[in-house]
file protein-v7.cif (mmCIF, C-alpha atoms)
data_protein
loop_
_atom_site.label_atom_id
_atom_site.label_comp_id
_atom_site.auth_asym_id
_atom_site.auth_seq_id
_atom_site.Cartn_x
_atom_site.Cartn_y
_atom_site.Cartn_z
CA MET A 68 124.68 -39.97 7.46
CA TYR A 69 121.21 -41.12 6.60
CA ASP A 70 120.34 -44.77 7.18
CA GLU A 71 119.03 -44.96 3.62
CA HIS A 72 119.06 -42.51 0.70
CA ILE A 73 116.89 -42.94 -2.40
CA LEU A 74 117.28 -40.48 -5.28
CA PHE A 75 115.04 -40.32 -8.32
CA GLY A 76 117.39 -38.46 -10.64
CA PHE A 77 115.40 -38.96 -13.87
CA ASP A 78 118.74 -38.89 -15.69
CA SER A 79 118.01 -40.85 -18.87
CA LEU A 80 115.89 -39.57 -21.73
CA SER A 81 115.32 -43.20 -22.76
CA SER A 82 113.38 -44.00 -19.55
CA ASN A 83 109.77 -43.08 -18.83
CA LEU A 84 107.70 -42.33 -15.77
CA ALA A 85 105.76 -45.59 -15.86
CA SER A 86 108.94 -47.69 -15.90
CA LEU A 87 110.14 -45.82 -12.80
CA GLY A 88 106.90 -46.59 -10.97
CA PHE A 89 105.17 -43.22 -11.40
CA GLN A 90 101.49 -42.83 -12.26
CA VAL A 91 100.21 -39.56 -13.75
CA ILE A 92 96.65 -38.44 -12.92
CA PRO A 93 94.83 -37.54 -15.11
CA GLN A 94 96.40 -39.80 -17.72
CA SER A 95 95.67 -37.33 -20.52
CA ILE A 96 98.22 -34.85 -19.13
CA ASP A 97 101.44 -34.24 -21.08
CA ALA A 98 104.04 -35.42 -18.54
CA GLU A 99 107.33 -37.08 -19.42
CA ILE A 100 111.03 -37.31 -18.73
CA SER A 101 112.65 -34.69 -20.93
CA ALA A 102 115.28 -31.99 -21.19
CA VAL A 103 114.75 -29.32 -18.51
CA PRO A 104 116.25 -25.84 -17.95
CA LYS A 105 119.72 -25.81 -16.39
CA GLY A 106 120.11 -24.27 -12.95
CA GLN A 107 122.14 -21.23 -11.94
CA THR A 108 123.14 -22.30 -8.42
CA GLU A 109 125.98 -24.47 -7.17
CA PRO A 110 125.65 -27.36 -6.80
CA LEU A 111 123.32 -27.55 -9.79
CA PRO A 112 119.79 -28.71 -8.92
CA THR A 113 119.63 -30.60 -12.25
CA ASN A 114 121.89 -32.06 -14.89
CA GLY A 115 119.48 -30.94 -17.62
CA VAL A 116 117.20 -34.01 -17.60
CA GLY A 117 114.12 -34.26 -15.39
CA ILE A 118 110.32 -34.35 -15.45
CA ARG A 119 108.33 -31.92 -17.59
CA VAL A 120 104.61 -31.46 -16.81
CA VAL A 121 102.39 -29.28 -19.01
CA VAL A 122 99.43 -28.13 -16.90
CA PRO A 123 96.28 -26.69 -18.51
CA ALA A 124 94.58 -23.70 -16.92
CA GLN A 125 92.70 -24.48 -13.68
CA GLU A 126 93.94 -28.09 -13.69
CA PHE A 127 95.36 -30.34 -10.93
CA VAL A 128 98.00 -32.91 -11.87
CA THR A 129 99.31 -35.63 -9.52
CA LEU A 130 102.35 -37.85 -10.02
CA ASN A 131 102.23 -40.80 -7.63
CA GLY A 132 105.55 -42.52 -7.01
CA PRO A 133 106.42 -46.12 -6.12
CA PRO A 134 106.19 -47.51 -2.56
CA ILE A 135 109.24 -47.21 -0.32
CA ARG A 136 109.67 -49.37 2.76
CA ILE A 137 110.53 -47.38 5.88
CA SER A 138 113.02 -48.92 8.31
CA SER A 139 113.98 -45.84 10.32
CA GLU A 140 112.61 -42.36 10.98
CA PRO A 141 112.39 -39.44 10.50
CA ILE A 142 111.69 -39.46 6.76
CA ARG A 143 112.91 -36.48 4.75
CA ILE A 144 111.40 -35.98 1.26
CA ALA A 145 112.70 -33.23 -1.02
CA VAL A 146 112.44 -32.15 -4.65
CA TRP A 147 113.67 -29.34 -6.91
CA TYR A 148 111.12 -27.58 -9.14
CA TYR A 149 111.15 -24.91 -11.86
CA ALA A 150 107.94 -23.08 -12.85
CA SER A 151 107.41 -21.38 -16.20
CA GLU A 152 104.66 -19.20 -14.71
CA PRO A 153 104.08 -17.71 -11.22
CA ASP A 154 100.49 -19.04 -11.16
CA LEU A 155 101.70 -22.62 -10.70
CA HIS A 156 101.36 -24.15 -7.23
CA VAL A 157 103.50 -27.10 -6.12
CA GLY A 158 102.79 -29.89 -3.65
CA LEU A 159 105.11 -32.59 -2.29
CA GLY A 160 104.18 -35.36 0.10
CA ALA A 161 103.67 -39.02 0.85
CA PHE A 162 100.81 -41.42 1.06
CA THR A 163 101.48 -43.64 4.04
CA ASN A 164 101.16 -47.18 5.27
CA ILE A 165 101.12 -47.70 9.04
CA GLN A 166 101.44 -51.24 10.36
CA GLY A 167 99.77 -52.68 7.28
CA ARG A 168 96.92 -50.15 7.16
CA SER A 169 96.70 -47.16 4.87
CA GLY A 170 97.01 -43.79 6.58
CA PRO A 171 96.42 -40.18 5.50
CA ALA A 172 99.00 -38.22 3.56
CA SER A 173 101.64 -35.86 4.83
CA PHE A 174 102.42 -33.00 2.47
CA THR A 175 103.66 -29.47 1.88
CA ILE A 176 102.19 -26.86 -0.47
CA ARG A 177 103.99 -23.93 -2.11
CA GLY A 178 102.16 -21.19 -4.02
CA GLY A 179 101.85 -17.45 -4.57
CA VAL A 180 105.02 -15.57 -3.57
CA GLU A 181 106.66 -18.89 -2.63
CA VAL A 182 106.89 -19.83 -6.34
CA THR A 183 109.18 -17.67 -8.49
CA ALA A 184 109.01 -18.32 -12.22
CA GLY A 185 112.23 -19.03 -14.09
CA ILE A 186 114.44 -20.31 -11.26
CA TRP A 187 115.01 -23.65 -9.58
CA GLN A 188 113.63 -23.86 -6.03
CA LYS A 189 113.64 -26.64 -3.46
CA THR A 190 110.83 -27.82 -1.22
CA GLU A 191 110.99 -30.51 1.44
CA ILE A 192 109.19 -32.09 4.35
CA GLU A 193 110.44 -34.16 7.28
CA ILE A 194 108.03 -36.38 9.21
CA GLU A 195 108.10 -38.92 12.01
CA ALA A 196 104.86 -40.71 12.86
CA LEU A 197 105.18 -44.51 12.95
CA TYR A 198 105.16 -44.95 9.17
CA THR A 199 106.15 -48.32 7.70
CA GLN A 200 105.82 -47.43 4.00
CA VAL A 201 105.45 -44.25 1.97
CA ASN A 202 104.56 -43.46 -1.62
CA PRO A 203 106.01 -40.04 -2.51
CA PHE A 204 103.85 -37.85 -4.70
CA LEU A 205 104.12 -34.55 -6.60
CA VAL A 206 101.19 -32.22 -7.30
CA VAL A 207 100.89 -29.22 -9.61
CA TYR A 208 97.95 -26.81 -9.80
CA ASN A 209 97.67 -24.10 -12.45
CA ALA A 210 95.74 -21.18 -10.96
CA ASN A 211 95.70 -19.27 -14.26
CA VAL A 212 92.22 -19.18 -15.79
CA THR A 213 93.31 -19.03 -19.45
CA THR A 214 96.94 -20.05 -19.98
CA GLN A 215 98.72 -23.39 -19.60
CA GLY A 216 101.99 -23.58 -17.66
CA THR A 217 104.96 -25.92 -17.49
CA LEU A 218 106.47 -27.28 -14.29
CA TYR A 219 109.82 -29.12 -14.23
CA PHE A 220 110.92 -31.47 -11.42
CA ASP A 221 114.26 -33.10 -10.69
CA ASN A 222 116.15 -34.88 -7.92
CA LEU A 223 113.24 -36.20 -5.89
CA SER A 224 114.88 -37.74 -2.81
CA VAL A 225 113.72 -39.80 0.17
CA ASP A 226 116.05 -40.08 3.17
CA GLN A 227 115.52 -42.16 6.29
CA GLY A 228 116.99 -41.59 9.74
CA ASP A 229 119.31 -38.90 11.11
CA ALA A 230 117.09 -35.99 12.14
CA VAL A 231 118.50 -32.61 11.15
CA ASP A 232 119.44 -30.12 13.88
CA PRO A 233 116.22 -28.09 14.34
CA GLY A 234 118.03 -24.82 15.10
CA THR A 235 116.83 -21.93 17.26
CA ALA A 236 113.84 -22.36 19.58
CA ILE A 237 110.79 -20.12 19.16
CA ILE A 238 109.66 -18.97 22.60
CA GLY A 239 106.28 -17.69 23.70
CA LEU A 240 103.66 -18.83 21.22
CA ASP A 241 100.20 -17.50 22.08
CA TRP A 242 97.62 -20.28 21.73
CA VAL A 243 94.08 -19.48 20.58
CA ALA A 244 91.33 -22.07 20.94
CA ASN A 245 89.35 -23.15 17.86
CA LEU A 246 90.51 -20.30 15.62
CA TRP A 247 88.79 -20.31 12.19
CA LEU A 248 86.39 -23.15 13.15
CA PRO A 249 82.59 -22.64 12.96
CA GLU A 250 81.15 -21.98 16.42
CA GLU A 251 78.47 -24.65 16.07
CA ASP A 252 80.84 -27.37 14.88
CA HIS A 253 83.85 -27.49 17.22
CA GLY A 254 84.70 -29.21 20.47
CA GLU A 255 86.55 -27.90 23.54
CA ALA A 256 90.15 -26.69 23.50
CA THR A 257 91.42 -25.88 27.00
CA ILE A 258 94.72 -25.19 28.73
CA ASP A 259 95.47 -27.30 31.83
CA GLY A 260 98.63 -25.92 33.39
CA ASN A 261 101.33 -26.48 30.75
CA HIS A 262 99.17 -28.90 28.75
CA LEU A 263 96.88 -28.27 25.79
CA VAL A 264 93.73 -30.43 25.92
CA LEU A 265 91.68 -31.16 22.79
CA GLU A 266 88.30 -32.82 23.32
CA LYS A 267 85.32 -33.36 21.06
CA SER A 268 82.08 -35.32 21.04
CA THR A 269 80.21 -37.21 18.34
CA GLY A 270 78.68 -34.69 15.98
CA GLU A 271 81.41 -32.09 16.47
CA GLY A 272 83.73 -31.82 13.48
CA ALA A 273 87.02 -30.82 15.07
CA THR A 274 88.78 -28.95 17.84
CA ARG A 275 92.15 -27.18 17.67
CA PHE A 276 94.67 -24.78 19.09
CA VAL A 277 96.44 -22.24 16.86
CA GLY A 278 99.70 -20.61 17.90
CA SER A 279 101.44 -17.78 16.05
CA TYR A 280 104.80 -16.05 15.98
CA THR A 281 106.73 -13.62 13.80
CA THR A 282 110.13 -14.19 12.23
CA SER A 283 112.43 -12.44 9.79
CA ASN A 284 114.60 -15.53 9.32
CA TYR A 285 113.92 -16.49 5.66
CA PRO A 286 114.32 -18.85 3.94
CA ASN A 287 114.07 -21.26 6.84
CA ILE A 288 113.09 -24.73 7.89
CA THR A 289 110.59 -24.87 10.72
CA THR A 290 110.60 -27.99 12.90
CA ILE A 291 107.79 -28.87 15.30
CA GLU A 292 108.02 -31.65 17.86
CA THR A 293 105.07 -32.46 20.08
CA GLU A 294 104.37 -35.08 22.74
CA ILE A 295 100.79 -36.34 22.54
CA VAL A 296 98.78 -38.55 24.88
CA LYS A 297 95.63 -40.10 23.46
CA ASP A 298 93.11 -40.21 26.30
CA TYR A 299 90.45 -41.93 24.19
CA GLY A 300 89.16 -42.16 20.62
CA GLU A 301 89.87 -44.56 17.75
CA SER A 302 88.25 -43.14 14.62
CA GLY A 303 89.70 -39.65 14.66
CA ILE A 304 92.85 -38.05 13.27
CA PHE A 305 95.48 -35.87 14.94
CA THR A 306 96.81 -33.11 12.66
CA LEU A 307 99.98 -31.07 13.00
CA TRP A 308 100.14 -28.08 10.61
CA ALA A 309 102.44 -25.08 10.10
CA GLY A 310 102.65 -22.29 7.56
CA ASN A 311 102.14 -18.65 6.64
CA GLY A 312 99.55 -18.88 3.88
CA PRO A 313 101.51 -19.34 0.61
CA SER A 314 103.66 -22.04 2.23
CA ALA A 315 102.20 -24.75 4.45
CA PHE A 316 103.18 -28.23 5.57
CA GLN A 317 101.33 -30.78 7.64
CA ALA A 318 101.19 -34.37 8.87
CA TYR A 319 98.38 -36.57 10.10
CA ILE A 320 98.32 -39.63 12.31
CA PRO A 321 95.18 -41.74 12.91
CA LEU A 322 94.30 -42.07 16.57
CA TRP A 323 93.88 -45.85 16.34
CA ILE A 324 97.63 -46.26 16.02
CA LEU A 325 98.38 -44.46 19.28
CA PRO A 326 98.34 -46.39 22.57
CA ASN A 327 95.91 -45.16 25.22
CA ASN A 328 97.36 -43.02 28.02
CA GLU A 329 100.96 -43.28 26.81
CA PRO A 330 103.02 -40.38 25.44
CA PHE A 331 103.95 -40.37 21.75
CA THR A 332 106.33 -37.90 20.09
CA MET A 333 105.50 -36.63 16.61
CA ARG A 334 107.90 -34.58 14.47
CA LEU A 335 107.25 -32.41 11.42
CA ALA A 336 109.49 -30.03 9.46
CA GLY A 337 109.13 -28.01 6.28
CA ASN A 338 110.65 -25.03 4.52
CA THR A 339 109.35 -21.50 3.94
CA ALA A 340 111.01 -19.19 1.41
CA GLN A 341 109.29 -15.83 1.82
CA ASN A 342 108.15 -13.56 4.63
CA SER A 343 104.39 -13.49 4.02
CA GLY A 344 103.18 -12.55 7.49
CA SER A 345 102.94 -14.41 10.77
CA MET A 346 103.77 -18.10 10.97
CA TYR A 347 101.01 -20.29 12.41
CA VAL A 348 101.18 -23.67 14.14
CA VAL A 349 98.01 -25.76 14.42
CA VAL A 350 97.30 -28.87 16.52
CA GLN A 351 93.92 -30.46 15.91
CA ILE A 352 91.80 -33.57 16.35
CA SER A 353 88.90 -34.40 14.05
CA GLY A 354 86.67 -37.42 13.64
CA GLU A 355 83.21 -38.91 13.89
CA ASP A 356 83.15 -40.08 17.52
CA ASP A 357 84.26 -38.98 20.97
CA GLU A 358 87.98 -38.14 21.00
CA ARG A 359 90.34 -36.52 23.47
CA CYS A 360 94.09 -35.85 23.33
CA THR A 361 96.39 -34.10 25.79
CA ILE A 362 99.43 -32.33 24.38
CA ASN A 363 102.10 -32.49 27.04
CA SER A 364 104.57 -30.32 25.17
CA ILE A 365 105.13 -28.67 21.82
CA GLU A 366 108.43 -27.18 20.67
CA VAL A 367 108.99 -25.04 17.58
CA HIS A 368 112.45 -24.42 16.11
CA GLU A 369 113.75 -22.78 12.94
CA ARG A 370 117.04 -22.80 11.09
CA ILE A 371 118.36 -21.37 7.85
CA SER A 372 117.31 -23.53 4.90
CA ASP A 373 119.95 -25.50 2.99
#
call {"tool": "encode", "arguments": {"input": "protein-v7.cif", "output": "structure tokens"}}
result
Amino acid sequence: MYDEHILFGFDSLSSNLASLGFQVIPQSIDAEISAVPKGQTEPLPTNGVGIRVVVPAQEFVTLNGPPIRISSEPIRIAVWYYASEPDLHVGLGAFTNIQGRSGPASFTIRGGVEVTAGIWQKTEIEIEALYTQVNPFLVVYNANVTTQGTLYFDNLSVDQGDAVDPGTAIIGLDWVANLWLPEEDHGEATIDGNHLVLEKSTGEGATRFVGSYTTSNYPNITTIETEIVKDYGESGIFTLWAGNGPSAFQAYIPLWILPNNEPFTMRLAGNTAQNSGSMYVVVQISGEDDERCTINSIEVHERISD
């Protein structure tokens, strides 16, 4: 059982997004609680009432939710969505508050072959990174250059505590240093025995390791757990990212929150619906000053999605 379960069911046509604590950006967008298409699966992903968002061509729309106090981790955020057009991209995540200070967002993005028009689909993310408050948010982008699209949401949930069984371990990731980073703008990524070491100086944008693996196990939930030691650096950010292109999920943690020279375990999970090539896992530090982190261990698991 989860320690706490919050469900935004959007069940009443008489309520509105503002009264439920949601802010729509831009405000001119047609977004409201309304009748939505019924689902075909059991249990039903909707009771027929949810959020309807009409998205003009080439437009981003964000729905920011109310703050939720976090008393236990990990945090699992999930939502069901229904796209009228395949060109719609969907994002789900959380703005964070860490010990009274605002932190970067954690989020997942679904697009391309991961979004099938005319059916209800579920996306979710599970994170653990010393958060004390989160504001869930939903994002829609219409990639069509001429035609508007409609995206429906329902059953946005936030659960605290009780980490899900991560499933089968992925063995033998091959790590590549600074993949996809400009040669003139990255720091050093080295392997020291069983440890990955990320180090950068002032003036260098980032440094990273990228690991890859193949899987035929779709749809699945990928879980990554890594033990980090911050050697030094206060202004930078540690990023944990996974995905295969159309589907990606990531979490950030600012280095100032981590104690020096003490191990910290960070957890991230997200779901992937389609086989769109190799899965990638990225660990990275970025910032304006000198930063160095040692990754003592990183484990990747996958299990069949709910």
call {"tool": "resolve_selection", "arguments": {"input": "protein-v7.cif", "expression": "the PyMOL selection byres ((chain A and resi 240) around 8)", "output": "JSON, numbers by chain"}}
result
{"A": [237, 238, 239, 241, 242, 278, 279, 280]}
call {"tool": "resolve_selection", "arguments": {"input": "protein-v7.cif", "expression": "the PyMOL selection byres ((chain A and resi 171) around 9)", "output": "PyMOL selection string"}}
result
chain A and resi 161-164+169-170+172-173+304+318-321
call {"tool": "write_last_selection", "arguments": {"input": "protein-v7.cif", "atoms": "C-alpha atoms", "output": "PDB file, in the coordinates of the input"}}
result
ATOM      1  CA  ALA A 161     103.670 -39.020   0.850  1.00  0.00           C
ATOM      2  CA  PHE A 162     100.810 -41.420   1.060  1.00  0.00           C
ATOM      3  CA  THR A 163     101.480 -43.640   4.040  1.00  0.00           C
ATOM      4  CA  ASN A 164     101.160 -47.180   5.270  1.00  0.00           C
ATOM      5  CA  SER A 169      96.700 -47.160   4.870  1.00  0.00           C
ATOM      6  CA  GLY A 170      97.010 -43.790   6.580  1.00  0.00           C
ATOM      7  CA  ALA A 172      99.000 -38.220   3.560  1.00  0.00           C
ATOM      8  CA  SER A 173     101.640 -35.860   4.830  1.00  0.00           C
ATOM      9  CA  ILE A 304      92.850 -38.050  13.270  1.00  0.00           C
ATOM     10  CA  ALA A 318     101.190 -34.370   8.870  1.00  0.00           C
ATOM     11  CA  TYR A 319      98.380 -36.570  10.100  1.00  0.00           C
ATOM     12  CA  ILE A 320      98.320 -39.630  12.310  1.00  0.00           C
ATOM     13  CA  PRO A 321      95.180 -41.740  12.910  1.00  0.00           C
TER      14      PRO A 321
END
call {"tool": "atom_distance", "arguments": {"input": "protein-v7.cif", "atom1": "CA of Ser364 in chain A", "atom2": "CA of Val201 in chain A"}}
result
27.1 Å
call {"tool": "resolve_selection", "arguments": {"input": "protein-v7.cif", "expression": "the PyMOL selection byres ((chain A and resi 204) around 6)", "output": "list in words"}}
result
Leu130, Asn131, Gly132, Leu159, Gly160, Ala161, Pro203 and Leu205 of chain A
call {"tool": "atom_distance", "arguments": {"input": "protein-v7.cif", "atom1": "CA of Gly354 in chain A", "atom2": "CA of Ser302 in chain A"}}
result
6.0 Å
call {"tool": "axis_aligned_box", "arguments": {"input": "protein-v7.cif", "around": "range 194-197 of chain A", "padding_each_side": "6 Å", "output": "AutoDock Vina command-line options"}}
result
--center_x 106.5 --center_y -40.4 --center_z 11.1 --size_x 15.2 --size_y 20.1 --size_z 15.7
